[in-house]
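*Asks:* Dropping in work.cif, with mmCIF, C-alpha atoms.
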```cif
data_run
loop_
_atom_site.label_atom_id
_atom_site.label_comp_id
_atom_site.auth_asym_id
_atom_site.auth_seq_id
_atom_site.Cartn_x
_atom_site.Cartn_y
_atom_site.Cartn_z
CA MET A 110 18.30 -8.86 28.44
CA ILE A 111 15.41 -11.06 27.40
CA GLU A 112 13.03 -13.23 29.31
CA LEU A 113 10.13 -14.92 27.68
CA GLN A 114 7.62 -17.65 28.02
CA LEU A 115 5.10 -17.96 25.24
CA GLU A 116 2.90 -20.14 23.14
CA LYS A 117 1.60 -19.53 19.67
CA THR A 118 -0.29 -21.82 17.33
CA LEU A 119 -0.53 -21.04 13.63
CA VAL A 120 -3.15 -22.87 11.63
CA SER A 121 -3.17 -22.86 7.86
CA PRO A 122 -5.09 -25.19 5.56
CA ARG A 123 -1.93 -27.20 4.92
CA ARG A 124 -0.27 -27.35 8.28
CA ARG A 125 -0.55 -26.60 11.94
CA PHE A 126 2.46 -25.17 13.74
CA HIS A 127 2.91 -24.87 17.46
CA LEU A 128 5.60 -22.69 18.99
CA GLN A 129 6.31 -23.13 22.68
CA LEU A 130 9.32 -21.39 24.18
CA ASP A 131 10.51 -20.57 27.67
CA PHE A 132 13.97 -19.10 28.14
CA ALA A 133 15.92 -16.19 29.55
CA CYS A 134 19.22 -14.67 28.46
CA SER A 135 21.23 -12.09 30.40
CA GLU A 136 23.85 -11.49 27.72
CA GLN A 137 23.61 -8.58 25.28
CA ARG A 138 23.85 -10.82 22.21
CA LEU A 139 21.60 -13.71 21.48
CA LEU A 140 21.65 -15.98 18.47
CA VAL A 141 18.56 -18.05 17.87
CA TYR A 142 19.69 -20.93 15.72
CA GLY A 143 17.56 -23.50 13.97
CA PRO A 144 16.62 -24.97 10.59
CA SER A 145 14.09 -23.21 8.41
CA GLY A 146 10.57 -23.96 9.53
CA SER A 147 11.64 -24.24 13.16
CA GLY A 148 9.69 -21.14 14.17
CA LYS A 149 12.53 -18.67 14.59
CA SER A 150 11.08 -16.11 12.16
CA LEU A 151 7.78 -16.37 14.01
CA LEU A 152 9.63 -15.75 17.28
CA LEU A 153 11.14 -12.57 15.85
CA GLN A 154 7.72 -11.38 14.66
CA LEU A 155 6.31 -12.02 18.12
CA LEU A 156 9.12 -9.95 19.65
CA GLY A 157 8.60 -7.14 17.17
CA GLY A 158 4.85 -7.02 17.71
CA LEU A 159 4.03 -8.13 14.17
CA GLN A 160 2.26 -11.17 15.61
CA THR A 161 0.57 -11.70 18.97
CA PRO A 162 1.25 -14.77 21.15
CA ASP A 163 -1.64 -16.87 22.41
CA SER A 164 -0.36 -16.74 25.97
CA GLY A 165 2.71 -16.02 28.08
CA HIS A 166 4.89 -12.95 28.49
CA ILE A 167 7.82 -11.20 26.80
CA ARG A 168 10.27 -8.94 28.59
CA LEU A 169 12.99 -7.36 26.47
CA ALA A 170 15.70 -4.90 27.56
CA GLY A 171 13.93 -4.14 30.82
CA ARG A 172 10.47 -3.54 29.37
CA THR A 173 7.43 -5.73 29.31
CA LEU A 174 6.26 -5.92 25.71
CA TYR A 175 3.61 -8.52 26.24
CA ASP A 176 1.96 -10.12 29.22
CA ALA A 177 -1.22 -12.08 28.71
CA GLY A 178 -1.90 -12.26 32.45
CA ARG A 179 -1.69 -8.48 32.89
CA ASN A 180 -3.35 -7.67 29.59
CA ILE A 181 -0.28 -5.91 28.20
CA ASN A 182 0.39 -6.00 24.49
CA LEU A 183 2.35 -3.05 23.14
CA PRO A 184 1.65 -2.46 19.45
CA ALA A 185 4.66 -2.68 17.12
CA ARG A 186 4.95 1.10 16.85
CA GLN A 187 5.39 1.50 20.63
CA ARG A 188 7.89 -1.30 21.20
CA GLN A 189 10.99 0.73 20.25
CA VAL A 190 12.42 -2.41 18.78
CA ALA A 191 14.43 -2.12 15.56
CA TYR A 192 13.86 -4.83 12.99
CA LEU A 193 16.21 -5.71 10.18
CA PHE A 194 14.14 -7.62 7.64
CA GLN A 195 15.63 -10.48 5.68
CA ASP A 196 15.43 -8.65 2.37
CA TYR A 197 15.69 -5.28 4.17
CA ALA A 198 12.20 -3.97 3.20
CA LEU A 199 13.58 -0.63 2.00
CA PHE A 200 10.89 1.69 0.67
CA PRO A 201 11.35 1.55 -3.13
CA HIS A 202 9.80 4.98 -3.73
CA LEU A 203 12.27 6.76 -1.43
CA THR A 204 16.00 7.48 -1.70
CA ALA A 205 18.50 6.04 0.79
CA ARG A 206 18.48 9.36 2.65
CA GLN A 207 14.68 9.44 2.81
CA ASN A 208 14.62 5.82 3.93
CA ILE A 209 16.98 6.55 6.80
CA ALA A 210 15.01 9.65 7.82
CA PHE A 211 11.68 7.80 7.49
CA GLY A 212 10.96 7.08 11.16
CA LEU A 213 12.15 10.50 12.38
CA ARG A 214 9.20 12.18 10.75
CA ARG A 215 5.70 11.67 12.10
CA GLY A 216 2.56 12.64 10.25
CA LEU A 217 1.25 11.90 6.79
CA LEU A 218 4.12 13.17 4.63
CA ASN A 219 7.40 11.49 3.81
CA PRO A 220 10.68 13.31 4.48
CA ARG A 221 11.82 15.46 1.55
CA ARG A 222 14.75 14.30 -0.59
CA ASN A 223 17.06 17.00 0.78
CA LEU A 224 15.80 17.02 4.34
CA ALA A 225 18.40 18.61 6.63
CA SER A 226 19.15 16.40 9.63
CA LYS A 227 22.35 16.03 11.62
CA ASP A 228 21.27 12.55 12.72
CA VAL A 229 20.84 11.38 9.14
CA ASP A 230 24.21 12.89 8.15
CA LEU A 231 25.85 11.11 11.07
CA TRP A 232 24.49 7.69 10.11
CA LEU A 233 25.29 8.20 6.43
CA GLU A 234 28.88 8.92 7.42
CA ARG A 235 29.08 6.04 9.86
CA PHE A 236 27.98 3.57 7.20
CA SER A 237 29.86 5.26 4.29
CA LEU A 238 26.63 5.95 2.47
CA GLN A 239 27.16 9.67 1.66
CA ASP A 240 27.73 9.02 -2.05
CA ALA A 241 24.69 6.78 -2.27
CA GLN A 242 22.27 8.90 -0.25
CA HIS A 243 20.29 10.15 -3.24
CA LEU A 244 20.02 6.76 -4.94
CA TYR A 245 16.89 4.61 -4.86
CA PRO A 246 17.05 1.11 -3.32
CA TYR A 247 17.17 -0.63 -6.72
CA GLN A 248 20.29 1.39 -7.55
CA LEU A 249 22.12 0.35 -4.36
CA SER A 250 24.48 -2.61 -3.98
CA GLY A 251 23.54 -5.45 -1.61
CA GLY A 252 25.87 -4.14 1.07
CA GLN A 253 24.60 -0.58 0.74
CA ARG A 254 21.04 -1.82 1.03
CA GLN A 255 21.79 -3.64 4.24
CA ARG A 256 23.60 -0.63 5.72
CA THR A 257 20.72 1.67 4.72
CA ALA A 258 18.23 -0.66 6.39
CA LEU A 259 20.41 -0.81 9.52
CA ALA A 260 20.78 2.97 9.63
CA ARG A 261 17.02 3.39 9.18
CA ALA A 262 16.44 1.10 12.17
CA LEU A 263 19.22 2.39 14.44
CA ILE A 264 18.52 6.10 13.96
CA MET A 265 15.38 5.59 16.05
CA GLU A 266 17.60 4.78 19.08
CA PRO A 267 15.83 1.47 19.67
CA ALA A 268 15.94 -0.49 22.92
CA ALA A 269 16.94 -3.63 21.03
CA LEU A 270 17.82 -4.74 17.49
CA LEU A 271 16.25 -7.81 15.87
CA LEU A 272 18.05 -9.31 12.88
CA ASP A 273 16.17 -11.70 10.60
CA GLU A 274 18.73 -13.88 8.79
CA PRO A 275 20.71 -10.77 7.85
CA PHE A 276 23.07 -12.51 5.40
CA SER A 277 20.87 -14.96 3.59
CA ALA A 278 19.96 -12.44 0.87
CA LEU A 279 23.65 -11.94 -0.07
CA ASP A 280 26.08 -13.83 -2.32
CA PRO A 281 28.69 -15.87 -0.42
CA PRO A 282 31.66 -13.47 -0.91
CA LEU A 283 29.60 -10.46 0.15
CA ARG A 284 28.12 -12.49 2.98
CA GLU A 285 31.58 -12.92 4.52
CA GLN A 286 32.28 -9.20 4.19
CA MET A 287 28.96 -8.21 5.75
CA ARG A 288 29.48 -10.64 8.59
CA GLN A 289 32.69 -8.86 9.46
CA GLN A 290 31.04 -5.47 9.16
CA LEU A 291 28.21 -6.46 11.44
CA ALA A 292 30.62 -8.06 13.92
CA SER A 293 32.59 -4.82 14.18
CA LEU A 294 29.33 -2.89 14.41
CA GLN A 295 28.08 -5.04 17.24
CA SER A 296 31.18 -4.14 19.28
CA GLN A 297 30.52 -0.42 18.67
CA LEU A 298 26.83 -0.50 19.44
CA GLU A 299 25.66 -0.73 23.00
CA ILE A 300 22.18 -2.01 22.28
CA PRO A 301 21.07 -5.61 22.80
CA MET A 302 20.83 -7.69 19.62
CA ILE A 303 18.88 -10.79 18.80
CA MET A 304 19.73 -12.53 15.56
CA ILE A 305 18.09 -15.56 14.01
CA SER A 306 19.96 -17.78 11.57
CA HIS A 307 20.06 -21.24 10.10
CA ASP A 308 23.65 -20.86 8.87
CA PRO A 309 26.27 -22.73 10.99
CA CYS A 310 28.87 -20.07 10.02
CA ASP A 311 26.96 -17.53 12.06
CA LEU A 312 27.37 -19.80 15.11
CA GLU A 313 31.14 -19.59 14.83
CA PHE A 314 31.31 -15.95 13.97
CA PHE A 315 29.19 -14.25 16.57
CA THR A 316 30.11 -14.10 20.18
CA ALA A 317 26.68 -14.58 21.56
CA ALA A 318 24.55 -16.73 23.74
CA VAL A 319 22.85 -19.36 21.62
CA VAL A 320 19.34 -20.74 21.81
CA ARG A 321 18.67 -23.65 19.48
CA ILE A 322 15.15 -24.35 18.39
CA GLU A 323 13.67 -27.11 16.31
CA ASN A 324 10.08 -27.64 15.35
CA GLY A 325 8.85 -24.91 17.67
CA ARG A 326 10.68 -26.19 20.78
CA GLN A 327 13.96 -25.34 22.39
CA VAL A 328 16.57 -28.12 22.10
CA HIS A 329 19.78 -28.49 24.06
CA GLY A 330 23.23 -29.48 22.90
CA MET B 228 -19.89 26.53 -33.39
CA SER B 229 -20.09 27.76 -29.80
CA SER B 230 -22.59 25.02 -28.96
CA ALA B 231 -19.79 22.49 -29.56
CA TRP B 232 -17.64 24.19 -26.94
CA ILE B 233 -20.55 24.30 -24.52
CA ALA B 234 -21.02 20.54 -25.02
CA LEU B 235 -17.28 19.96 -24.55
CA SER B 236 -17.12 21.96 -21.34
CA LEU B 237 -20.22 20.19 -20.02
CA SER B 238 -18.67 16.83 -20.86
CA LEU B 239 -15.43 17.79 -19.11
CA LYS B 240 -17.38 19.01 -16.08
CA VAL B 241 -19.42 15.79 -15.86
CA ALA B 242 -16.41 13.51 -16.45
CA GLY B 243 -14.28 15.54 -14.02
CA TRP B 244 -16.83 15.26 -11.20
CA ALA B 245 -17.43 11.58 -11.91
CA THR B 246 -13.67 10.91 -11.80
CA ALA B 247 -13.22 12.89 -8.58
CA ILE B 248 -16.02 10.97 -6.86
CA ASN B 249 -14.60 7.69 -8.17
CA LEU B 250 -11.15 8.65 -6.90
CA VAL B 251 -12.46 8.60 -3.33
CA LEU B 252 -14.98 5.74 -3.60
CA GLY B 253 -12.96 3.58 -6.01
CA VAL B 254 -9.69 3.84 -4.06
CA ALA B 255 -11.48 3.14 -0.77
CA THR B 256 -13.29 0.13 -2.28
CA GLY B 257 -10.10 -1.15 -3.92
CA PHE B 258 -8.21 -0.87 -0.64
CA PHE B 259 -11.00 -2.59 1.27
CA LEU B 260 -11.18 -5.49 -1.21
CA ALA B 261 -7.39 -5.86 -1.26
CA ARG B 262 -7.15 -6.11 2.54
CA THR B 263 -10.34 -7.78 3.73
CA ARG B 264 -10.40 -11.48 4.53
CA LEU B 265 -14.18 -11.46 4.17
CA PRO B 266 -15.34 -14.68 2.46
CA GLY B 267 -17.71 -12.76 0.15
CA ARG B 268 -15.10 -10.38 -1.23
CA ASP B 269 -14.98 -11.86 -4.72
CA LEU B 270 -18.77 -11.80 -4.92
CA ILE B 271 -18.72 -8.09 -3.98
CA ASP B 272 -16.05 -7.56 -6.64
CA SER B 273 -18.22 -9.24 -9.29
CA LEU B 274 -21.34 -7.28 -8.33
CA LEU B 275 -19.44 -4.00 -8.49
CA THR B 276 -18.13 -4.94 -11.94
CA LEU B 277 -21.65 -5.37 -13.33
CA PRO B 278 -21.91 -1.78 -14.66
CA MET B 279 -19.04 -2.58 -17.01
CA VAL B 280 -20.85 -5.43 -18.74
CA MET B 281 -24.47 -4.34 -18.48
CA PRO B 282 -25.96 -2.36 -21.40
CA PRO B 283 -25.85 1.33 -20.40
CA THR B 284 -29.54 1.74 -21.23
CA VAL B 285 -30.43 -0.99 -18.74
CA LEU B 286 -28.27 0.76 -16.16
CA GLY B 287 -29.98 4.05 -17.00
CA TYR B 288 -33.35 2.43 -16.53
CA TYR B 289 -32.33 1.09 -13.11
CA LEU B 290 -31.18 4.56 -12.15
CA LEU B 291 -34.48 6.08 -13.29
CA VAL B 292 -36.35 3.60 -11.14
CA LEU B 293 -33.99 4.16 -8.22
CA VAL B 294 -33.66 7.95 -8.07
CA GLY B 295 -36.72 9.14 -10.04
CA ARG B 296 -39.07 11.51 -8.21
CA ASN B 297 -41.58 8.72 -7.58
CA SER B 298 -39.05 6.37 -6.01
CA THR B 299 -38.34 6.24 -2.28
CA LEU B 300 -34.73 7.40 -2.62
CA GLY B 301 -35.48 10.02 -5.27
CA GLY B 302 -38.45 11.38 -3.32
CA TRP B 303 -36.38 11.59 -0.14
CA LEU B 304 -33.55 13.41 -1.95
CA HIS B 305 -36.06 15.90 -3.37
CA ASP B 306 -38.04 16.48 -0.19
CA SER B 307 -35.09 16.70 2.20
CA PHE B 308 -32.43 18.41 0.10
CA GLY B 309 -34.25 19.72 -2.96
CA ILE B 310 -32.00 17.54 -5.10
CA ASN B 311 -33.42 16.36 -8.38
CA LEU B 312 -31.22 14.05 -10.44
CA ILE B 313 -33.51 13.52 -13.42
CA PHE B 314 -32.77 15.79 -16.41
CA THR B 315 -29.90 17.53 -14.64
CA TRP B 316 -26.13 17.47 -15.17
CA GLN B 317 -25.79 15.99 -11.68
CA GLY B 318 -27.79 13.03 -12.97
CA ALA B 319 -25.26 12.72 -15.80
CA VAL B 320 -22.48 12.68 -13.17
CA LEU B 321 -24.24 9.86 -11.32
CA ALA B 322 -24.58 7.82 -14.53
CA SER B 323 -20.93 8.37 -15.55
CA CYS B 324 -19.80 7.61 -12.02
CA ILE B 325 -21.45 4.21 -11.91
CA VAL B 326 -20.45 3.19 -15.43
CA ALA B 327 -16.78 4.11 -14.85
CA PHE B 328 -16.54 2.82 -11.26
CA PRO B 329 -15.15 -0.67 -12.11
CA LEU B 330 -12.36 0.96 -14.12
CA VAL B 331 -11.15 2.64 -10.92
CA PHE B 332 -11.65 0.11 -8.15
CA LYS B 333 -10.30 -2.91 -10.05
CA PRO B 334 -6.87 -1.46 -10.90
CA ALA B 335 -6.78 0.11 -7.42
CA ARG B 336 -7.38 -3.30 -5.83
CA ALA B 337 -4.66 -4.87 -7.99
CA ALA B 338 -2.23 -2.05 -7.18
CA PHE B 339 -2.85 -2.36 -3.43
CA GLU B 340 -2.43 -6.14 -3.58
CA GLU B 341 0.97 -5.63 -5.22
CA VAL B 342 2.29 -3.60 -2.30
CA SER B 343 4.35 -5.94 -0.11
CA PRO B 344 2.86 -6.31 3.39
CA GLN B 345 6.43 -6.38 4.68
CA LEU B 346 6.92 -2.74 3.70
CA GLU B 347 3.90 -1.83 5.79
CA GLN B 348 5.30 -3.87 8.68
CA ALA B 349 8.58 -1.99 8.30
CA GLY B 350 6.60 1.23 8.75
CA ARG B 351 4.89 -0.20 11.81
CA VAL B 352 8.12 -1.10 13.63
CA LEU B 353 9.48 2.36 12.74
CA GLY B 354 6.66 3.77 14.87
CA LEU B 355 4.13 4.97 12.29
CA SER B 356 0.37 5.00 12.76
CA GLU B 357 -1.79 3.02 10.34
CA LEU B 358 -2.97 6.25 8.68
CA SER B 359 0.63 7.41 8.13
CA ILE B 360 1.50 3.99 6.71
CA PHE B 361 -1.34 4.29 4.20
CA PHE B 362 -0.37 7.76 3.02
CA ARG B 363 3.43 7.33 3.13
CA ILE B 364 3.93 3.74 1.98
CA THR B 365 0.85 2.04 0.56
CA LEU B 366 -0.67 4.88 -1.47
CA PRO B 367 2.61 6.15 -3.04
CA LEU B 368 3.47 2.59 -4.13
CA ALA B 369 0.01 1.95 -5.58
CA TRP B 370 -0.48 5.46 -6.94
CA ARG B 371 0.53 5.02 -10.57
CA GLY B 372 -1.69 1.98 -10.99
CA ILE B 373 -4.58 3.93 -9.51
CA LEU B 374 -3.89 6.95 -11.72
CA ALA B 375 -3.93 4.84 -14.88
CA GLY B 376 -7.35 3.51 -13.86
CA LEU B 377 -8.59 7.03 -13.15
CA LEU B 378 -7.58 8.20 -16.63
CA LEU B 379 -9.42 5.30 -18.23
CA ALA B 380 -12.45 6.11 -16.08
CA PHE B 381 -12.25 9.72 -17.18
CA ALA B 382 -12.21 8.65 -20.84
CA ARG B 383 -15.11 6.26 -20.24
CA ALA B 384 -17.11 8.98 -18.47
CA LEU B 385 -16.40 11.37 -21.32
CA GLY B 386 -17.83 8.90 -23.82
CA GLU B 387 -20.81 7.89 -21.68
CA PHE B 388 -23.99 7.92 -23.77
CA GLY B 389 -26.73 5.42 -22.96
CA ALA B 390 -27.20 5.73 -19.21
CA THR B 391 -26.72 9.50 -19.39
CA LEU B 392 -29.36 9.89 -22.08
CA MET B 393 -31.80 7.82 -20.03
CA ILE B 394 -31.42 9.76 -16.81
CA ALA B 395 -30.33 13.26 -17.87
CA GLY B 396 -31.82 13.50 -21.33
CA SER B 397 -30.46 15.76 -24.04
CA ILE B 398 -31.10 19.39 -23.14
CA PRO B 399 -28.70 21.64 -25.14
CA GLY B 400 -26.49 23.64 -22.83
CA ARG B 401 -27.66 21.79 -19.73
CA THR B 402 -27.36 18.03 -20.14
CA GLN B 403 -26.30 17.62 -23.75
CA THR B 404 -22.78 16.25 -23.44
CA LEU B 405 -20.34 15.85 -26.34
CA SER B 406 -21.27 12.29 -27.19
CA ILE B 407 -25.00 13.07 -27.08
CA ALA B 408 -24.47 16.21 -29.15
CA VAL B 409 -22.80 14.07 -31.83
CA TYR B 410 -25.89 11.88 -32.02
CA GLU B 411 -28.21 14.88 -32.21
CA ALA B 412 -26.09 16.59 -34.88
CA VAL B 413 -26.10 13.49 -37.08
CA GLN B 414 -29.85 13.06 -36.59
CA ALA B 415 -30.40 16.69 -37.62
CA GLY B 416 -28.11 16.35 -40.65
CA GLN B 417 -25.64 18.99 -39.38
CA ASP B 418 -22.55 17.35 -40.84
CA SER B 419 -20.04 20.11 -40.12
CA THR B 420 -21.05 20.25 -36.44
CA ALA B 421 -20.86 16.47 -36.21
CA ASN B 422 -17.38 16.47 -37.79
CA LEU B 423 -16.11 19.05 -35.34
CA LEU B 424 -17.60 17.24 -32.34
CA VAL B 425 -16.17 13.92 -33.45
CA ALA B 426 -12.72 15.42 -33.99
CA ILE B 427 -12.71 17.02 -30.54
CA THR B 428 -13.87 13.81 -28.85
CA SER B 429 -11.27 11.68 -30.64
CA LEU B 430 -8.47 14.05 -29.74
CA VAL B 431 -9.38 14.12 -26.04
CA CYS B 432 -9.69 10.32 -25.91
CA VAL B 433 -6.31 9.75 -27.61
CA VAL B 434 -4.58 12.13 -25.17
CA VAL B 435 -6.15 10.39 -22.18
CA LEU B 436 -5.27 6.89 -23.42
CA LEU B 437 -1.66 7.83 -24.21
CA SER B 438 -1.25 9.26 -20.72
CA ALA B 439 -2.73 6.11 -19.20
CA SER B 440 -0.37 3.75 -21.05
CA TRP B 441 2.61 6.00 -20.31
CA LEU B 442 1.75 5.94 -16.61
CA SER B 443 1.33 2.19 -16.39
CA ARG B 444 4.59 1.67 -18.26
CA SER B 445 6.65 3.83 -15.90
CA HIS B 446 4.81 2.17 -13.04
CA ARG B 447 6.11 -1.23 -14.10
CA ARG B 448 9.64 0.05 -14.62
CA ARG B 449 9.81 1.39 -11.09
CA GLN B 450 8.54 -1.82 -9.53
CA ALA B 451 11.24 -3.83 -11.30
#
```
Using the file provided, produce a representation of the structure as structure tokens.

*Replies:*
Amino acid sequence: MIELQLEKTLVSPRRRFHLQLDFACSEQRLLVYGPSGSGKSLLLQLLGGLQTPDSGHIRLAGRTLYDAGRNINLPARQRQVAYLFQDYALFPHLTARQNIAFGLRRGLLNPRRNLASKDVDLWLERFSLQDAQHLYPYQLSGGQRQRTALARALIMEPAALLLDEPFSALDPPLREQMRQQLASLQSQLEIPMIMISHDPCDLEFFTAAVVRIENGRQVHG
Amino acid sequence: MSSAWIALSLSLKVAGWATAINLVLGVATGFFLARTRLPGRDLIDSLLTLPMVMPPTVLGYYLLVLVGRNSTLGGWLHDSFGINLIFTWQGAVLASCIVAFPLVFKPARAAFEEVSPQLEQAGRVLGLSELSIFFRITLPLAWRGILAGLLLAFARALGEFGATLMIAGSIPGRTQTLSIAVYEAVQAGQDSTANLLVAITSLVCVVVLLSASWLSRSHRRRQA
């Protein structure tokens, strides 16, 4: 499902961080586990095309996204990789329905509030968001926000789904509920998923291959 | 009586053009300054803010030197395009434009800096081009802040006196804007004309300021 070998050095005035990873995973679910500051968010950004590695290659779901040797570096918009941001990054000026329809529409104009789309209707129904479709993000509950963000990402029929600490923005009771929802979703969805987390509960909950990283390196055990 | 309306319509024309030009230049400058990592960006910001603190007459004098017929730029404009900015309403537009420019680009820069880069990244991974991201995410989120600045700039351009007088003069019906007409009426002892002009100016300014504060208030509410 994923095969990568990469290096990336980040230099800021206060610290210098070096990420060096080399692993492959054939399973459809991968959990990258490590403490905060270990480089797992950076890894996700490198996969999504939001950052560029210094060297190496990235192959995900059968496609080469990056290969320094062959001068390949697909920009984020061509990677067909869905990204669930930690705090969801919903567009605050658009309703839930417009948010979900966002990527379907090219060009310079946002989808209209009452845009007719069977795809959007389908995802609203799947995630029980019909009643909330005309609300703005600040009017949605935490769970509705996460489902809207997921629907917005999945409606694009991505080749893979990247999840950035999907539960850390939620209160503990809701966290448990969302974990179950996402677990049932992952059995319905066929697409490969890569999740990063620093929460040991996620280790127990998700049936997935696990890669542990610490301080920019893979650790075993 | 009718001369007051001529002055008002001239003022609105000058302020309208100045605001329209500032909409394009000010928003572009604000966006550039918000996004660039150029080391000199704060110096550029300060230099562009100068028109706000410099006496308008000094600014007008600079403009005279810069675009007057005997200057390089002014001579080139006249010889190549037949454009003459001295003693014309277009000259008044130029003066208003420069004086009001900081009121547009500064709030625009602040508004663009407030837009979370993560929202733009979300647009990127959803497959949008950079141009689409600007028009569908960045600009709508910064828009109200920009609009409030534009209204202030419009009010400032409407009240512009010193630089305009220096470069465009005070030709009734051609370059005599509302604020200059007030001065002329008082000088000539025409109290009733002055009263009318002052009342009109005050009314327009109050309307513009109320709209600006209403816009920035609803802007804050939405961000919350």

*Asks:* Which one of A:Tyr192, A:Ser277, A:Ala177, A:Leu128 sits closest to A:Ile303 if you count all atoms listed in the file?

*Replies:* A:Tyr192

*Asks:* Please enumerate the residues selected by the PyMOL selection byres ((chain A) within 9 of (chain B)) when evaluated against the supplied file, formatted as a CSV table (one decimal) with C-alpha atoms, in the coordinates of the input.

*Replies:*
```csv
chain,number,residue,atom,x,y,z
A,157,GLY,CA,8.6,-7.1,17.2
A,158,GLY,CA,4.8,-7.0,17.7
A,159,LEU,CA,4.0,-8.1,14.2
A,184,PRO,CA,1.6,-2.5,19.4
A,185,ALA,CA,4.7,-2.7,17.1
A,186,ARG,CA,5.0,1.1,16.8
A,187,GLN,CA,5.4,1.5,20.6
A,188,ARG,CA,7.9,-1.3,21.2
A,189,GLN,CA,11.0,0.7,20.2
A,190,VAL,CA,12.4,-2.4,18.8
A,191,ALA,CA,14.4,-2.1,15.6
A,192,TYR,CA,13.9,-4.8,13.0
A,193,LEU,CA,16.2,-5.7,10.2
A,194,PHE,CA,14.1,-7.6,7.6
A,197,TYR,CA,15.7,-5.3,4.2
A,198,ALA,CA,12.2,-4.0,3.2
A,199,LEU,CA,13.6,-0.6,2.0
A,200,PHE,CA,10.9,1.7,0.7
A,201,PRO,CA,11.4,1.6,-3.1
A,202,HIS,CA,9.8,5.0,-3.7
A,211,PHE,CA,11.7,7.8,7.5
A,212,GLY,CA,11.0,7.1,11.2
A,213,LEU,CA,12.2,10.5,12.4
A,214,ARG,CA,9.2,12.2,10.8
A,215,ARG,CA,5.7,11.7,12.1
A,216,GLY,CA,2.6,12.6,10.2
A,217,LEU,CA,1.2,11.9,6.8
A,218,LEU,CA,4.1,13.2,4.6
A,219,ASN,CA,7.4,11.5,3.8
A,247,TYR,CA,17.2,-0.6,-6.7
A,261,ARG,CA,17.0,3.4,9.2
A,262,ALA,CA,16.4,1.1,12.2
A,265,MET,CA,15.4,5.6,16.0
```

*Asks:* So which residues touch A:Met287 within 9 Å, counting all atoms listed in the file, skipping near sequence neighbours fewer than 6 positions away, as a short mmCIF file (atom, residue, chain, number, x, y, z; two decimals) with C-alpha atoms, keeping the file's coordinate frame?

*Replies:*
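Contents of selection33.cif, as written:
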```cif
data_model
loop_
_atom_site.label_atom_id
_atom_site.label_comp_id
_atom_site.auth_asym_id
_atom_site.auth_seq_id
_atom_site.Cartn_x
_atom_site.Cartn_y
_atom_site.Cartn_z
CA GLY A 252 25.87 -4.14 1.07
CA GLN A 255 21.79 -3.64 4.24
CA PRO A 275 20.71 -10.77 7.85
CA PHE A 276 23.07 -12.51 5.40
CA LEU A 279 23.65 -11.94 -0.07
#
```

*Asks:* One decimal, in Å: what's the spacing between atom CA of B:Tyr410 and atom CA of B:Ser397?

*Replies:*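 Rounded to one decimal, the two atoms are 10.0 Å apart.
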
*Asks:* Need to verify the contact set: stretch 179-182 of chain A, 12 Å, all atoms listed in the file, exclusion of same-chain residues closer than 6 positions in sequence. Can you return it as a list in words?

*Replies:* Leu155, Leu156, Gly157, Gly158, Leu159, Gln160, Thr161, Pro162, Asp163, Ser164, Gly165, His166, Ile167, Arg168, Arg172, Thr173 and Arg188 of chain A

*Asks:* Quick one: residues within 10 Å of B:Ile427, all atoms listed in the file, excluding same-chain residues fewer than 3 positions away - as a list in words?

*Replies:*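 Contacts, with the query itself left out: Ala231, Trp232, Leu235, Leu405, Ala421, Asn422, Leu423, Leu424, Leu430, Val431 and Cys432 of chain B.
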
*Asks:* Give me the residues near stretch 275-282 of chain B as a tab-separated table (two decimals) with C-alpha atoms, in the frame of the given file, where near means some atom within 12 Å (using only C-alpha atoms) and where sequence neighbours in that chain fewer than 3 positions away do not count.

*Replies:*
```tsv
chain	number	residue	atom	x	y	z
B	252	LEU	CA	-14.98	5.74	-3.60
B	253	GLY	CA	-12.96	3.58	-6.01
B	256	THR	CA	-13.29	0.13	-2.28
B	257	GLY	CA	-10.10	-1.15	-3.92
B	260	LEU	CA	-11.18	-5.49	-1.21
B	268	ARG	CA	-15.10	-10.38	-1.23
B	269	ASP	CA	-14.98	-11.86	-4.72
B	270	LEU	CA	-18.77	-11.80	-4.92
B	271	ILE	CA	-18.72	-8.09	-3.98
B	272	ASP	CA	-16.05	-7.56	-6.64
B	285	VAL	CA	-30.43	-0.99	-18.74
B	286	LEU	CA	-28.27	0.76	-16.16
B	287	GLY	CA	-29.98	4.05	-17.00
B	288	TYR	CA	-33.35	2.43	-16.53
B	289	TYR	CA	-32.33	1.09	-13.11
B	290	LEU	CA	-31.18	4.56	-12.15
B	322	ALA	CA	-24.58	7.82	-14.53
B	323	SER	CA	-20.93	8.37	-15.55
B	324	CYS	CA	-19.80	7.61	-12.02
B	325	ILE	CA	-21.45	4.21	-11.91
B	326	VAL	CA	-20.45	3.19	-15.43
B	327	ALA	CA	-16.78	4.11	-14.85
B	328	PHE	CA	-16.54	2.82	-11.26
B	329	PRO	CA	-15.15	-0.67	-12.11
B	330	LEU	CA	-12.36	0.96	-14.12
B	331	VAL	CA	-11.15	2.64	-10.92
B	332	PHE	CA	-11.65	0.11	-8.15
B	333	LYS	CA	-10.30	-2.91	-10.05
B	334	PRO	CA	-6.87	-1.46	-10.90
B	380	ALA	CA	-12.45	6.11	-16.08
B	383	ARG	CA	-15.11	6.26	-20.24
B	384	ALA	CA	-17.11	8.98	-18.47
B	387	GLU	CA	-20.81	7.89	-21.68
B	388	PHE	CA	-23.99	7.92	-23.77
B	389	GLY	CA	-26.73	5.42	-22.96
B	390	ALA	CA	-27.20	5.73	-19.21
B	393	MET	CA	-31.80	7.82	-20.03
```
